[in-house]
Amino acid sequence: MRAEILGLLLAVFFAGPVSAYDAHDLNNCNGVEWDDNRALGVSKVTAPRVNFIKSPYDDDFKAAACPAATNGCQKESYLVTGDLVLVGKTRGDFTCVDYQSPLAKNQTWIRGWLPGTALTPIAPMASPRTSDWIGTWHHPGGPIEIKSGDGGKLHVEGVMTLPTPSGDFQNGDFKAQVVPQNTLTFTDEGAYGDGCHVRMQRIGPWLLVEDNGGCGGSGVTFTGLYRPKN
């Protein structure tokens with residue numbers, strides 16, 4: 001019995017440590033990220049049905065060969081023609097995306113790789129007028145209000161509430177006076193101290209918003225597509 005136990009311990013020792021999660025692994029899709037030098041993009045799904053593709057650490061670290069165009073790398077979750085996704089980095093034939101329906105009633109996101117051939121980029125509104133920004137824009141986490149401000153600027157104000165698993169809430173907010181341009185870009189050094197950086201674009205009928213993660217409590221982000229108030 002002692003010899004069997006010793007043999008087992010030696011086998012575990014020489015097998016080496018279990019693979020560890022590496023957030024910087026380029027094969028891993030963590031969703032879209034803020035880029036100081038590049039505005040966020042949106043693409044439309046143009047395939048009838050396209051499954052999300054796994055990252056290497058999915059399935060309890062059993063997807064090491066992914067992303068790849070194989071049945072084993074396909075997730076059960078999928079999108080269909082016309083769905084809009086926020087696009088991040090690319091890796092070979094695949095694009096890392098975040099998906100949340102602009103009509104959703106909760107803050108559920110799906111993220112993962114999609115084949116680049118199933119996506120068509122959507123150009124932002126070329127020269128939005130001041131009136132194209134003004135209004136109340138809705139999102140599952142809270143609204144953003146844009147109205148006329150002082151000196152020809154736009155007054156932009158947003159609030160966000162994120163439920164936590166414990167039944168509590170994390171909150172976020174921003175407020176700024178912004179010169180209307182093709183992209184609204186501003187920083188609010190308000191309640192959260194780290195510098196809340198925000199960019200907004202008009203994409204079709206939607207308001208595309210992205211932030212750097214500094215506009216609220218843990219896990220709070222304003223990033224997403226907002227629909228106009230009917």
# chains A, B, ... in the order shown; residues from 1 in each chain; ligands from 1
$ select_by_dssp --residues "stretch 13-179 of chain A" --states "strand (DSSP E)" --output "ChimeraX atom specification"
/A:41-45,49-53,74-80,84-91,94-99,110-115,119-122,135-138,144-148,154-163,169-178
$ closest_residue --among "A:Gln107, A:Asn51, A:Thr70, A:Thr221" --to "A:Pro140" --atoms "only C-alpha atoms"
A:Gln107
$ residues_around --residues "A:Gly116" --least-positions-apart "3" --cutoff "8 Å" --atoms "only C-alpha atoms" --output "ChimeraX atom specification"
/A:93-95,119
$ residues_around --residues "A:Pro228" --least-positions-apart "4" --cutoff "8 Å" --atoms "only C-alpha atoms" --output "list in words"
Gly135, Thr136, Trp137, His138, Pro205, Trp206 and Leu207 of chain A
$ atom_distance --atom1 "atom CA of A:Thr120" --atom2 "atom CA of A:Tyr78"
16.4 Å
$ closest_residue --among "A:Pro163, A:Pro124, A:Gly112, A:Gly41" --to "A:Cys66" --atoms "only C-alpha atoms"
A:Gly112
$ atom_distance --atom1 "atom CA of A:Val42" --atom2 "atom CA of A:Gly195"
24.9 Å
$ closest_atom_pairs --of "stretch 149-184 of chain A" --to "stretch 208-219 of chain A" --cutoff "10 Å" --atoms "only C-alpha atoms" --output "JSON lines"
{"residue": "A:Gly158", "atom": "CA", "partner": "A:Cys215", "partner_atom": "CA", "distance": 9.8}
{"residue": "A:Val159", "atom": "CA", "partner": "A:Gly216", "partner_atom": "CA", "distance": 9.2}
{"residue": "A:Met160", "atom": "CA", "partner": "A:Gly216", "partner_atom": "CA", "distance": 8.0}
{"residue": "A:Thr161", "atom": "CA", "partner": "A:Gly216", "partner_atom": "CA", "distance": 9.1}
{"residue": "A:Leu162", "atom": "CA", "partner": "A:Gly219", "partner_atom": "CA", "distance": 7.7}
{"residue": "A:Pro163", "atom": "CA", "partner": "A:Gly219", "partner_atom": "CA", "distance": 9.8}
{"residue": "A:Thr164", "atom": "CA", "partner": "A:Gly219", "partner_atom": "CA", "distance": 9.2}
{"residue": "A:Phe169", "atom": "CA", "partner": "A:Gly217", "partner_atom": "CA", "distance": 9.1}
{"residue": "A:Gln170", "atom": "CA", "partner": "A:Gly217", "partner_atom": "CA", "distance": 5.3}
{"residue": "A:Asn171", "atom": "CA", "partner": "A:Gly216", "partner_atom": "CA", "distance": 5.7}
{"residue": "A:Gly172", "atom": "CA", "partner": "A:Gly216", "partner_atom": "CA", "distance": 3.7}
{"residue": "A:Asp173", "atom": "CA", "partner": "A:Cys215", "partner_atom": "CA", "distance": 6.1}
{"residue": "A:Phe174", "atom": "CA", "partner": "A:Cys215", "partner_atom": "CA", "distance": 6.6}
{"residue": "A:Thr183", "atom": "CA", "partner": "A:Leu208", "partner_atom": "CA", "distance": 9.9}
{"residue": "A:Leu184", "atom": "CA", "partner": "A:Val209", "partner_atom": "CA", "distance": 9.3}
$ residues_around --residues "stretch 73-77 of chain A" --least-positions-apart "4" --cutoff "7 Å" --atoms "only C-alpha atoms" --output "mmCIF file with N, CA and C atoms, in the first residue's frame"
data_model
loop_
_atom_site.group_PDB
_atom_site.id
_atom_site.type_symbol
_atom_site.label_atom_id
_atom_site.label_comp_id
_atom_site.auth_asym_id
_atom_site.auth_seq_id
_atom_site.Cartn_x
_atom_site.Cartn_y
_atom_site.Cartn_z
ATOM 1 N N ASN A 51 -22.968 30.047 -34.274
ATOM 2 C CA ASN A 51 -22.685 29.687 -32.892
ATOM 3 C C ASN A 51 -21.460 30.426 -32.367
ATOM 4 N N PHE A 52 -21.500 30.764 -31.089
ATOM 5 C CA PHE A 52 -20.305 31.288 -30.440
ATOM 6 C C PHE A 52 -19.237 30.192 -30.380
ATOM 7 N N ILE A 53 -17.990 30.630 -30.364
ATOM 8 C CA ILE A 53 -16.848 29.720 -30.344
ATOM 9 C C ILE A 53 -16.128 29.855 -29.007
ATOM 10 N N LYS A 54 -15.669 28.747 -28.473
ATOM 11 C CA LYS A 54 -15.055 28.708 -27.146
ATOM 12 C C LYS A 54 -13.661 29.330 -27.124
ATOM 13 N N ALA A 63 -10.706 23.099 -23.608
ATOM 14 C CA ALA A 63 -10.893 23.639 -24.953
ATOM 15 C C ALA A 63 -9.598 24.260 -25.463
ATOM 16 N N CYS A 66 -9.141 25.684 -29.029
ATOM 17 C CA CYS A 66 -10.058 26.726 -29.490
ATOM 18 C C CYS A 66 -9.417 28.104 -29.317
ATOM 19 N N PRO A 67 -9.832 29.092 -30.130
ATOM 20 C CA PRO A 67 -10.925 29.032 -31.109
ATOM 21 C C PRO A 67 -10.509 28.334 -32.400
ATOM 22 N N ALA A 68 -11.420 27.564 -32.931
ATOM 23 C CA ALA A 68 -11.180 26.863 -34.193
ATOM 24 C C ALA A 68 -12.532 26.514 -34.812
ATOM 25 N N ALA A 69 -12.527 26.295 -36.113
ATOM 26 C CA ALA A 69 -13.763 25.989 -36.840
ATOM 27 C C ALA A 69 -14.058 24.498 -36.766
#
$ select_by_dssp --residues "stretch 12-229 of chain A" --states "alpha helix (DSSP H)" --output "list in words"
Val12, Phe13, Phe14, Ala15, Asp58, Asp59, Asp60, Phe61, Thr130, Ser131, Asp132 and Trp133 of chain A
$ closest_residue --among "A:Ala64, A:Lys44, A:Thr108, A:Glu189" --to "A:Gly141" --atoms "only C-alpha atoms"
A:Thr108
$ closest_residue --among "A:Val178, A:Val85, A:Cys96, A:Cys29" --to "A:Gly224" --atoms "only C-alpha atoms"
A:Val85
$ residues_around --residues "A:Trp133" --least-positions-apart "4" --cutoff "9 Å" --atoms "only C-alpha atoms" --output "list in words"
Pro128, Arg129, Ile146, Lys147, Leu154, Pro180, Gln201, Arg202 and Leu207 of chain A
$ atom_distance --atom1 "atom CA of A:Ser127" --atom2 "atom CA of A:Val32"
25.1 Å
$ closest_residue --among "A:Asn30, A:Asn106, A:Thr81, A:Gln181" --to "A:Thr46" --atoms "only C-alpha atoms"
A:Thr81
